Each structure stands twice: as C-alpha cells, then as structure tokens.
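Participant: Provided below: query-v6.txt, containing compact mmCIF, C-alpha atoms and all ligand atoms.
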```
# COMPACT_ATOMS: atom_id res chain seq x y z
CA MET A 264 13.94 2.75 7.91
CA ARG A 265 16.76 3.37 10.39
CA SER A 266 14.39 2.81 13.30
CA LEU A 267 13.40 -0.52 11.77
CA HIS A 268 17.03 -1.44 11.06
CA LEU A 269 16.35 -1.46 7.32
CA ASP A 270 19.24 -0.44 5.06
CA PRO A 271 18.00 1.62 2.07
CA ALA A 272 20.90 0.25 0.00
CA LEU A 273 19.41 -3.24 0.33
CA THR A 274 16.13 -2.14 -1.30
CA ASP A 275 15.17 -4.35 -4.24
CA CYS A 276 12.30 -2.38 -5.63
CA VAL A 277 10.53 0.95 -5.16
CA MET A 278 6.82 0.78 -5.96
CA VAL A 279 4.65 3.86 -6.21
CA SER A 280 0.88 3.44 -6.38
CA HIS A 281 -0.17 6.85 -7.70
CA CYS A 282 0.64 10.48 -8.31
CA HIS A 283 -0.35 12.09 -4.97
CA PRO A 284 2.48 13.51 -2.83
CA ASP A 285 1.53 11.55 0.31
CA HIS A 286 2.29 8.45 -1.79
CA TYR A 287 5.28 9.43 -3.94
CA GLY A 288 6.95 11.98 -1.60
CA ASP A 289 10.12 10.07 -0.69
CA ALA A 290 10.42 7.93 -3.84
CA GLU A 291 13.39 9.85 -5.24
CA MET A 292 15.24 9.66 -1.91
CA LEU A 293 14.65 5.92 -1.72
CA ILE A 294 15.89 5.50 -5.31
CA GLU A 295 19.05 7.37 -4.26
CA GLY A 296 19.42 4.91 -1.37
CA MET A 297 18.70 1.84 -3.50
CA THR A 298 21.28 2.87 -6.11
CA LYS A 299 23.84 4.28 -3.62
CA GLY A 300 23.35 7.82 -4.82
CA GLY A 301 23.29 6.72 -8.45
CA HIS A 302 26.72 5.01 -8.30
CA ARG A 303 25.22 1.57 -8.75
CA HIS A 304 22.63 0.66 -11.41
CA SER A 305 20.47 -1.60 -9.32
CA GLY A 306 16.93 -2.33 -8.31
CA LYS A 307 13.62 -1.62 -9.94
CA LEU A 308 11.24 1.27 -10.00
CA VAL A 309 7.60 0.31 -10.54
CA ALA A 310 4.90 2.95 -11.02
CA PRO A 311 1.92 3.85 -13.20
CA ARG A 312 2.11 6.28 -16.11
CA SER A 313 1.02 9.37 -14.14
CA VAL A 314 4.00 9.01 -11.79
CA LEU A 315 6.60 8.32 -14.48
CA GLU A 316 5.38 10.61 -17.25
CA GLY A 317 2.60 12.77 -15.88
CA GLY A 318 -0.62 13.14 -17.78
CA GLY A 319 -3.91 14.98 -17.43
CA LYS A 320 -3.71 17.17 -14.32
CA PHE A 321 -0.55 15.47 -13.09
CA SER A 322 3.07 16.38 -13.68
CA GLN A 323 5.73 13.69 -13.60
CA ALA A 324 6.41 12.85 -9.92
CA ILE A 325 9.84 11.22 -10.24
CA SER A 326 12.49 13.16 -12.15
CA THR A 327 13.86 11.87 -15.44
CA TYR A 328 17.29 11.74 -13.76
CA HIS A 329 16.01 9.46 -10.98
CA GLN A 330 14.33 7.25 -13.57
CA THR A 331 17.75 6.61 -15.17
CA LEU A 332 19.26 5.29 -11.90
CA PRO A 333 17.53 1.93 -11.32
CA GLN A 334 18.41 -1.10 -13.40
CA GLU A 335 14.84 -1.31 -14.61
CA VAL A 336 11.80 0.96 -14.70
CA ILE A 337 8.48 -0.82 -15.11
CA ARG A 338 5.36 1.14 -16.04
CA VAL A 339 2.35 -0.68 -14.68
CA ALA A 340 -1.38 -0.72 -15.30
CA PRO A 341 -3.93 -2.91 -13.48
CA GLY A 342 -3.41 -6.60 -14.26
CA ASP A 343 0.32 -6.28 -15.06
CA ARG A 344 2.57 -8.75 -13.28
CA PHE A 345 6.26 -8.44 -12.48
CA GLN A 346 8.96 -9.99 -10.27
CA ALA A 347 10.27 -8.10 -7.28
CA ALA A 348 12.55 -9.47 -4.55
CA GLY A 349 11.80 -13.01 -5.70
CA MET A 350 8.05 -12.53 -5.46
CA MET A 351 5.40 -12.30 -8.13
CA VAL A 352 3.61 -8.97 -7.77
CA GLU A 353 0.48 -7.86 -9.59
CA ALA A 354 -0.72 -4.29 -10.07
CA THR A 355 -4.38 -4.17 -9.05
CA PRO A 356 -7.15 -1.78 -10.16
CA ALA A 357 -8.08 1.33 -8.17
CA VAL A 358 -10.80 3.95 -8.59
CA HIS A 359 -9.17 7.19 -7.51
CA SER A 360 -8.72 10.81 -8.55
CA ASP A 361 -5.52 9.73 -10.30
CA PRO A 362 -7.07 7.55 -13.01
CA ASP A 363 -3.77 5.64 -13.38
CA ALA A 364 -3.67 4.66 -9.67
CA VAL A 365 -3.01 1.03 -8.80
CA GLY A 366 -2.71 -1.21 -5.75
CA PHE A 367 -0.27 -4.12 -5.40
CA ARG A 368 -0.79 -7.79 -4.67
CA PHE A 369 2.25 -9.71 -3.40
CA ASP A 370 2.35 -13.49 -3.76
CA THR A 371 4.86 -14.52 -1.07
CA GLN A 372 5.86 -18.03 0.01
CA ALA A 373 3.73 -17.53 3.11
CA GLY A 374 0.68 -16.50 1.07
CA THR A 375 -0.72 -13.34 -0.43
CA VAL A 376 -0.45 -9.84 1.02
CA SER A 377 -2.57 -7.32 -0.82
CA TYR A 378 -2.36 -3.54 -0.66
CA VAL A 379 -5.51 -1.91 -1.99
CA GLY A 380 -3.98 1.59 -2.27
CA ASP A 381 -6.16 4.68 -2.47
CA SER A 382 -9.48 3.64 -4.01
CA GLU A 383 -13.18 3.73 -3.50
CA ILE A 384 -15.04 0.43 -3.37
CA ASP A 385 -15.40 -1.24 -6.76
CA ASP A 386 -16.47 -4.70 -7.92
CA ARG A 387 -13.07 -5.32 -9.49
CA LEU A 388 -11.35 -5.06 -6.11
CA PHE A 389 -13.03 -8.22 -4.82
CA HIS A 390 -11.52 -10.33 -7.58
CA ALA A 391 -8.14 -8.55 -7.63
CA HIS A 392 -7.51 -9.19 -3.92
CA GLU A 393 -9.21 -12.59 -3.68
CA GLY A 394 -7.40 -15.09 -1.46
CA ALA A 395 -5.28 -12.51 0.38
CA ARG A 396 -4.18 -13.63 3.87
CA VAL A 397 -3.47 -10.04 4.82
CA LEU A 398 -5.46 -7.20 3.24
CA ILE A 399 -4.10 -3.66 3.71
CA ILE A 400 -6.67 -0.90 3.32
CA ASN A 401 -6.14 2.85 3.26
CA LEU A 402 -8.91 4.07 5.53
CA THR A 403 -8.94 7.77 4.73
CA CYS A 404 -12.45 8.48 6.04
CA THR A 405 -15.15 7.25 8.33
CA THR A 406 -18.73 6.78 7.21
CA ARG A 407 -19.49 10.25 8.61
CA THR A 408 -16.59 11.99 6.85
CA ARG A 409 -16.71 10.06 3.58
CA ILE A 410 -15.27 11.63 0.44
CA PRO A 411 -15.51 10.28 -3.10
CA MET A 412 -12.70 8.09 -4.52
CA HIS A 413 -11.59 6.92 -1.05
CA MET A 414 -12.47 4.03 1.22
CA TYR A 415 -14.48 4.71 4.37
CA THR A 416 -15.38 2.48 7.29
CA GLU A 417 -18.53 0.94 5.81
CA THR A 418 -17.02 0.23 2.38
CA ALA A 419 -13.83 -1.10 4.00
CA ALA A 420 -16.03 -3.55 5.92
CA ASP A 421 -17.80 -4.53 2.67
CA LEU A 422 -14.47 -5.25 0.98
CA ILE A 423 -13.12 -7.19 3.98
CA SER A 424 -16.32 -9.27 4.19
CA GLY A 425 -16.19 -10.11 0.50
CA ILE A 426 -12.53 -11.12 0.52
CA GLY A 427 -12.37 -12.77 3.96
CA PRO A 428 -8.65 -12.38 4.76
CA GLU A 429 -7.15 -13.81 7.96
CA ALA A 430 -6.33 -10.24 8.99
CA ALA A 431 -7.21 -6.79 7.70
CA VAL A 432 -4.79 -3.92 8.32
CA LEU A 433 -6.08 -0.36 8.33
CA THR A 434 -3.68 2.48 7.61
CA HIS A 435 -3.42 5.97 5.98
CA PHE A 436 -5.94 7.46 8.42
CA GLY A 437 -7.41 10.83 7.55
CA VAL A 438 -8.28 13.50 10.11
CA GLY A 439 -11.88 12.28 10.29
CA VAL A 440 -10.72 8.83 11.35
CA PHE A 441 -8.80 10.31 14.27
CA GLU A 442 -11.74 12.58 15.16
CA ASP A 443 -14.20 9.68 15.17
CA GLY A 444 -11.68 7.29 16.77
CA VAL A 445 -9.46 4.67 15.15
CA ASP A 446 -10.52 2.02 17.70
CA GLU A 447 -14.20 2.68 16.97
CA GLN A 448 -13.62 1.97 13.26
CA VAL A 449 -11.72 -1.23 14.10
CA ARG A 450 -14.51 -2.39 16.42
CA TYR A 451 -17.22 -1.65 13.82
CA ILE A 452 -15.36 -3.54 11.11
CA GLU A 453 -14.55 -6.54 13.31
CA LYS A 454 -18.15 -6.78 14.50
CA ARG A 455 -19.57 -6.60 10.99
CA THR A 456 -17.05 -8.87 9.26
CA GLY A 457 -15.79 -11.27 11.93
CA VAL A 458 -12.29 -10.63 10.50
CA ARG A 459 -9.42 -9.74 12.80
CA THR A 460 -8.68 -6.07 12.12
CA ILE A 461 -5.42 -4.33 13.02
CA ALA A 462 -4.94 -0.56 13.12
CA ALA A 463 -1.46 0.12 11.78
CA GLU A 464 0.89 2.29 13.82
CA ASP A 465 4.05 4.03 12.69
CA LEU A 466 6.95 1.57 12.58
CA MET A 467 4.69 -1.44 13.15
CA THR A 468 5.82 -4.62 11.40
CA ILE A 469 3.64 -7.65 10.75
CA GLU A 470 5.01 -11.16 10.60
CA MET A 471 3.14 -13.54 8.32
CA GLY A 472 4.06 -17.12 9.16
CA ARG A 473 1.65 -19.83 10.18
CA GLU A 474 0.08 -17.11 12.24
CA ILE A 475 -0.12 -13.41 11.61
CA VAL A 476 1.62 -11.45 14.33
CA PRO A 477 1.74 -7.66 14.54
CA TRP A 478 4.81 -6.17 16.25
CA PRO A 479 4.03 -2.68 17.47
CA ALA A 480 6.77 -0.06 17.34
CA ARG A 481 7.64 -0.40 21.02
CA SER A 482 8.69 -4.05 20.52
CA ALA A 483 10.59 -3.47 17.25
CA SER A 484 13.80 -2.35 18.93
CA GLY A 485 13.68 -5.22 21.42
CA ARG A 486 13.76 -7.94 18.77
ZN ZN A 501 -4.43 9.49 -3.34
```
Represent the structure of the file as structure tokens.
Ligand SMILES: [Zn+2]

Facilitator:
Amino acid sequence: MRSLHLDPALTDCVMVSHCHPDHYGDAEMLIEGMTKGGHRHSGKLVAPRSVLEGGGKFSQAISTYHQTLPQEVIRVAPGDRFQAAGMMVEATPAVHSDPDAVGFRFDTQAGTVSYVGDSEIDDRLFHAHEGARVLIINLTCTTRTRIPMHMYTETAADLISGIGPEAAVLTHFGVGVFEDGVDEQVRYIEKRTGVRTIAAEDLMTIEMGREIVPWPARSASGR
C-alpha cells in the first residue's frame, strides 16, 4: 500500500472472499490500519460465514477482537448487496473448497468491475458477472495443471467469452501458470475470446474511465 501511496487509515471497507490464508492473511492488519489500531470505530468488514465464524473444516480466520473494531461487520452470502465507499457491491457465487466462498461485483460510476474470486466454472457465474466492463479472474492453473474448484485457462476463456467484458484481468497465478507461461495463457485467451486480456503484475493499477488503462508498477511511482 505504501508503494502505491495508499494510506491504510483511509480504508473504507475490508472484504474477504473466503477462508484460505492466501486470501485472508493480512485482513487483521488492514483492520488495524482502517481503525487506527482500534482507536477509531470506523469502516466495514465484509466476509462470508467461514471467515467470521468458522464452520466445517475451517476455523474463524479473523479474531473476535478484530471483529469488534470496525463500525460494521457484514456477513455475506451470494446475492447479498451492501454499500461500500459509495458503491453498491454484490457478493457473487463461487464453487470452491470453502463452500461459503464468494466473489464481489462492484457497481462504480464508471461501470461494473467484477472479481470472480476462487471458483471453478459454474453457470451461475455468467449471470452474476453479466455486464462487467472489467472482469478479474483468479487463474490458478493452466489446462495442463488443472485442479478441481479452481479456474484454469480453458474455463477462464469460456467465462470471458460468455460475459464479454471490455477487458479481462488475470491474477493469482499458481506455479503451473508460471511453468507454462503467463503470456501463453493470455495469448490463448485473447485468441479464443477476442477480449483484451491483461496479466496482472504486483502493484499494477488499472484506470477505468472512458478507456481501460493498465498502469504497470514501473509507472506507478512516476504518476
Ligand atoms: Zn481458495
């Protein structure tokens, strides 16, 4: 956040998609930042049941103490809508090894940005992310290294084709994606879908105005 000149104390809302540590790892730290170490009751925490309470194989991922710090804690399931930072946000369905997992769809003034989260392909995703200008997909695997409950290159292309965003952003690459080549996956998806596809990089920001403009990390400090 420091590299991107983002002040944690100006955070409006912390959203956690599901109860896996690569997704909730820094949530408590960010809540500390949002609430100035707990001295200020502010902001929202939004997460599904597994993250807030645990359940099944999962233990609670955010401590009870940290859940008392924000002004509001919202437990979400797919289809729930809430306000965050002046935007309407909807929790979207996901098919993942955490059965409570969700994605998030953000209706901004410049259009919809949708984050699929960790999920395998499912019919419900097409409707949930319909109309998105920017579709963010967690590409954990390639078609060769596919694992259940995750998106891989071919299913990512299916989802992108069905939704037809102006740009698709791939992120959350697994080892197999690096082994088989990130650029190869981008090329395959662009060729099959005709949709502009962007491989996310650390610290990349994307501007969504009349056009969609990615700013790679190297340009972030120069702005
Ligand atoms: Zn996961």

Participant: Name the residues, using the chain letters and numbers of the file, that sit within 12 Å of (-15.5, 1.0, 5.4) when counting only C-alpha atoms, and give them as number ranges by chain.

Facilitator: A: 382-384, 400-410, 413-424, 431, 433, 436, 440, 447-453, 455-456, 460

Participant: Looking at all atoms listed in the file, which of A:Ile399, A:Met471, A:Ala373, A:Met412 is the one that sits closest to Ala357 of chain A?

Facilitator: A:Met412

Participant: Compare A:His390, A:Arg459, A:His329, A:His286 by their minimum atom-to-atom distance to ligand ZN 501 (chain A), counting all atoms listed in the file, and give me the closest one.

Facilitator: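 Going through A:His390, A:Arg459, A:His329, A:His286 one by one, the smallest distance to ligand ZN 501 (chain A) is for A:His286.
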
Participant: Tell me, in Å to one decimal, how far atom CA of Asp289 of chain A is from atom CA of Val432 of chain A.

Facilitator: 22.3 Å

Participant: Can I get the residues close to ligand ZN 501 (chain A) as a PDB file with C-alpha atoms, keeping the file's coordinate frame, where close means within 9 Å and we count only C-alpha atoms and all ligand atoms?

Facilitator:
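Okay, selection25.pdb is ready:
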```
ATOM      1  CA  SER A 280       0.880   3.440  -6.380  1.00  0.00           C
ATOM      2  CA  HIS A 281      -0.170   6.850  -7.700  1.00  0.00           C
ATOM      3  CA  CYS A 282       0.640  10.480  -8.310  1.00  0.00           C
ATOM      4  CA  HIS A 283      -0.350  12.090  -4.970  1.00  0.00           C
ATOM      5  CA  PRO A 284       2.480  13.510  -2.830  1.00  0.00           C
ATOM      6  CA  ASP A 285       1.530  11.550   0.310  1.00  0.00           C
ATOM      7  CA  HIS A 286       2.290   8.450  -1.790  1.00  0.00           C
ATOM      8  CA  HIS A 359      -9.170   7.190  -7.510  1.00  0.00           C
ATOM      9  CA  SER A 360      -8.720  10.810  -8.550  1.00  0.00           C
ATOM     10  CA  ASP A 361      -5.520   9.730 -10.300  1.00  0.00           C
ATOM     11  CA  ALA A 364      -3.670   4.660  -9.670  1.00  0.00           C
ATOM     12  CA  GLY A 380      -3.980   1.590  -2.270  1.00  0.00           C
ATOM     13  CA  ASP A 381      -6.160   4.680  -2.470  1.00  0.00           C
ATOM     14  CA  SER A 382      -9.480   3.640  -4.010  1.00  0.00           C
ATOM     15  CA  MET A 412     -12.700   8.090  -4.520  1.00  0.00           C
ATOM     16  CA  HIS A 413     -11.590   6.920  -1.050  1.00  0.00           C
TER      17      HIS A 413
END
```

Participant: Please determine, counting all atoms listed in the file, which residue among A:Val365, A:Leu398, A:Ile325, A:Val358 has the shortest atom-to-atom distance to Ala340 of chain A.

Facilitator: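 Using all atoms listed in the file, Ala340 of chain A sits closest to A:Val365.
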
Participant: Mind listing as a ChimeraX atom specification all residues within 12 Å of (3.5, -12.6, -0.8), counting only C-alpha atoms?

Facilitator: /A:346-353,367-378,392,394-398,470-472

Participant: Given all atoms listed in the file as the basis, pick out the residue of A:Lys307, A:Phe389, A:Thr355, A:Val314 nearest to Asp343 of chain A.

Facilitator: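 The answer is A:Thr355, which sits nearest to Asp343 of chain A.
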
Participant: Could you name the residues that touch segment 296-298 of chain A at 7 Å or less, counting only C-alpha atoms, but leaving out those on the same chain fewer than 2 positions away, as a compact mmCIF listing (two decimals) with C-alpha atoms, in the coordinates of the input?

Facilitator:
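Below is the file around_2.txt, written as the result:
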```txt
# COMPACT_ATOMS: atom_id res chain seq x y z
CA PRO A 271 18.00 1.62 2.07
CA ALA A 272 20.90 0.25 0.00
CA LEU A 273 19.41 -3.24 0.33
CA THR A 274 16.13 -2.14 -1.30
CA MET A 292 15.24 9.66 -1.91
CA LEU A 293 14.65 5.92 -1.72
CA ILE A 294 15.89 5.50 -5.31
CA GLY A 300 23.35 7.82 -4.82
CA GLY A 301 23.29 6.72 -8.45
CA HIS A 302 26.72 5.01 -8.30
CA ARG A 303 25.22 1.57 -8.75
CA HIS A 304 22.63 0.66 -11.41
CA SER A 305 20.47 -1.60 -9.32
CA GLY A 306 16.93 -2.33 -8.31
CA LEU A 332 19.26 5.29 -11.90
CA PRO A 333 17.53 1.93 -11.32
```

Participant: For each of A:Glu464, A:Asp275, A:Glu393, A:Asp386, take the minimum atom-to-atom distance to Pro428 of chain A, counting all atoms listed in the file, then give the residue where this is smallest.

Facilitator: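 For Pro428 of chain A, the nearest of the candidates is A:Glu393.
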
Participant: Taking all atoms listed in the file into account, name the residue in A:Val379, A:Thr327, A:Ser313, A:Asp465 that is nearest to Trp478 of chain A.

Facilitator: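 Nearest to Trp478 of chain A: A:Asp465.
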
Participant: Quick check, in Å to one decimal: how far apart do atom CA of Asp446 of chain A and atom CA of Gly288 of chain A lie?

Facilitator: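 Those two atoms sit 27.9 Å apart.
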
Participant: So the first atom is atom CA of Val339 of chain A and the second is atom CA of Cys276 of chain A; what is the distance between them in Å, to one decimal place?

Facilitator: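 Atom-to-atom, atom CA of Val339 of chain A and atom CA of Cys276 of chain A are spaced 13.6 Å apart.
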
Participant: Where atoms are absent from segment 302-313 of chain A, fill them in so it carries all heavy atoms, then output it as a compact mmCIF listing (two decimals), in the coordinates of the input.

Facilitator:
```txt
# COMPACT_ATOMS: atom_id res chain seq x y z
N HIS A 302 25.43 5.63 -7.94
CA HIS A 302 26.72 5.01 -8.30
C HIS A 302 26.57 3.55 -8.70
O HIS A 302 27.50 2.94 -9.17
CB HIS A 302 27.71 5.14 -7.14
CG HIS A 302 28.15 6.55 -6.93
ND1 HIS A 302 28.90 7.24 -7.85
CD2 HIS A 302 27.91 7.42 -5.92
CE1 HIS A 302 29.12 8.46 -7.42
NE2 HIS A 302 28.52 8.60 -6.25
N ARG A 303 25.41 2.99 -8.47
CA ARG A 303 25.22 1.57 -8.75
C ARG A 303 23.88 1.41 -9.47
O ARG A 303 22.84 1.80 -8.93
CB ARG A 303 25.20 0.83 -7.41
CG ARG A 303 25.15 -0.66 -7.52
CD ARG A 303 25.10 -1.26 -6.13
NE ARG A 303 23.82 -0.95 -5.47
CZ ARG A 303 23.51 -1.31 -4.23
NH1 ARG A 303 24.37 -1.97 -3.51
NH2 ARG A 303 22.34 -1.00 -3.71
N HIS A 304 23.87 0.89 -10.67
CA HIS A 304 22.63 0.66 -11.41
C HIS A 304 21.95 -0.56 -10.84
O HIS A 304 22.25 -1.67 -11.25
CB HIS A 304 22.96 0.35 -12.88
CG HIS A 304 22.73 1.51 -13.78
ND1 HIS A 304 21.61 2.30 -13.71
CD2 HIS A 304 23.46 2.00 -14.79
CE1 HIS A 304 21.69 3.23 -14.64
NE2 HIS A 304 22.81 3.09 -15.31
N SER A 305 21.05 -0.39 -9.90
CA SER A 305 20.47 -1.60 -9.32
C SER A 305 19.01 -1.34 -8.97
O SER A 305 18.57 -0.20 -8.88
CB SER A 305 21.25 -2.02 -8.08
OG SER A 305 21.21 -0.97 -7.15
N GLY A 306 18.31 -2.42 -8.76
CA GLY A 306 16.93 -2.33 -8.31
C GLY A 306 15.96 -1.94 -9.40
O GLY A 306 16.33 -1.68 -10.54
N LYS A 307 14.70 -1.94 -9.00
CA LYS A 307 13.62 -1.62 -9.94
C LYS A 307 12.79 -0.47 -9.41
O LYS A 307 12.64 -0.32 -8.20
CB LYS A 307 12.68 -2.83 -10.08
CG LYS A 307 13.30 -4.03 -10.73
CD LYS A 307 12.31 -5.18 -10.80
CE LYS A 307 13.04 -6.40 -11.35
NZ LYS A 307 12.18 -7.58 -11.43
N LEU A 308 12.26 0.27 -10.33
CA LEU A 308 11.24 1.27 -10.00
C LEU A 308 9.96 0.84 -10.72
O LEU A 308 9.99 0.60 -11.93
CB LEU A 308 11.69 2.65 -10.48
CG LEU A 308 10.60 3.74 -10.48
CD1 LEU A 308 10.11 4.04 -9.06
CD2 LEU A 308 11.14 5.03 -11.11
N VAL A 309 8.88 0.73 -9.97
CA VAL A 309 7.60 0.31 -10.54
C VAL A 309 6.57 1.38 -10.23
O VAL A 309 6.40 1.76 -9.07
CB VAL A 309 7.15 -1.04 -9.93
CG1 VAL A 309 5.79 -1.45 -10.49
CG2 VAL A 309 8.18 -2.13 -10.17
N ALA A 310 5.89 1.88 -11.24
CA ALA A 310 4.90 2.95 -11.02
C ALA A 310 3.99 3.06 -12.23
O ALA A 310 4.37 2.66 -13.33
CB ALA A 310 5.61 4.28 -10.77
N PRO A 311 2.81 3.63 -12.04
CA PRO A 311 1.92 3.85 -13.20
C PRO A 311 2.38 5.06 -14.02
O PRO A 311 3.26 5.82 -13.61
CB PRO A 311 0.56 4.10 -12.55
CG PRO A 311 0.86 4.62 -11.19
CD PRO A 311 2.17 4.01 -10.77
N ARG A 312 1.74 5.24 -15.14
CA ARG A 312 2.11 6.28 -16.11
C ARG A 312 2.14 7.67 -15.50
O ARG A 312 3.08 8.45 -15.71
CB ARG A 312 1.10 6.25 -17.27
CG ARG A 312 1.40 7.23 -18.39
CD ARG A 312 0.22 7.32 -19.34
NE ARG A 312 -0.97 7.75 -18.61
CZ ARG A 312 -1.84 8.66 -19.06
NH1 ARG A 312 -1.65 9.22 -20.23
NH2 ARG A 312 -2.91 8.99 -18.34
N SER A 313 1.10 8.02 -14.70
CA SER A 313 1.02 9.37 -14.14
C SER A 313 2.28 9.73 -13.38
O SER A 313 2.76 10.86 -13.44
CB SER A 313 -0.20 9.47 -13.22
OG SER A 313 -0.15 8.45 -12.24
```
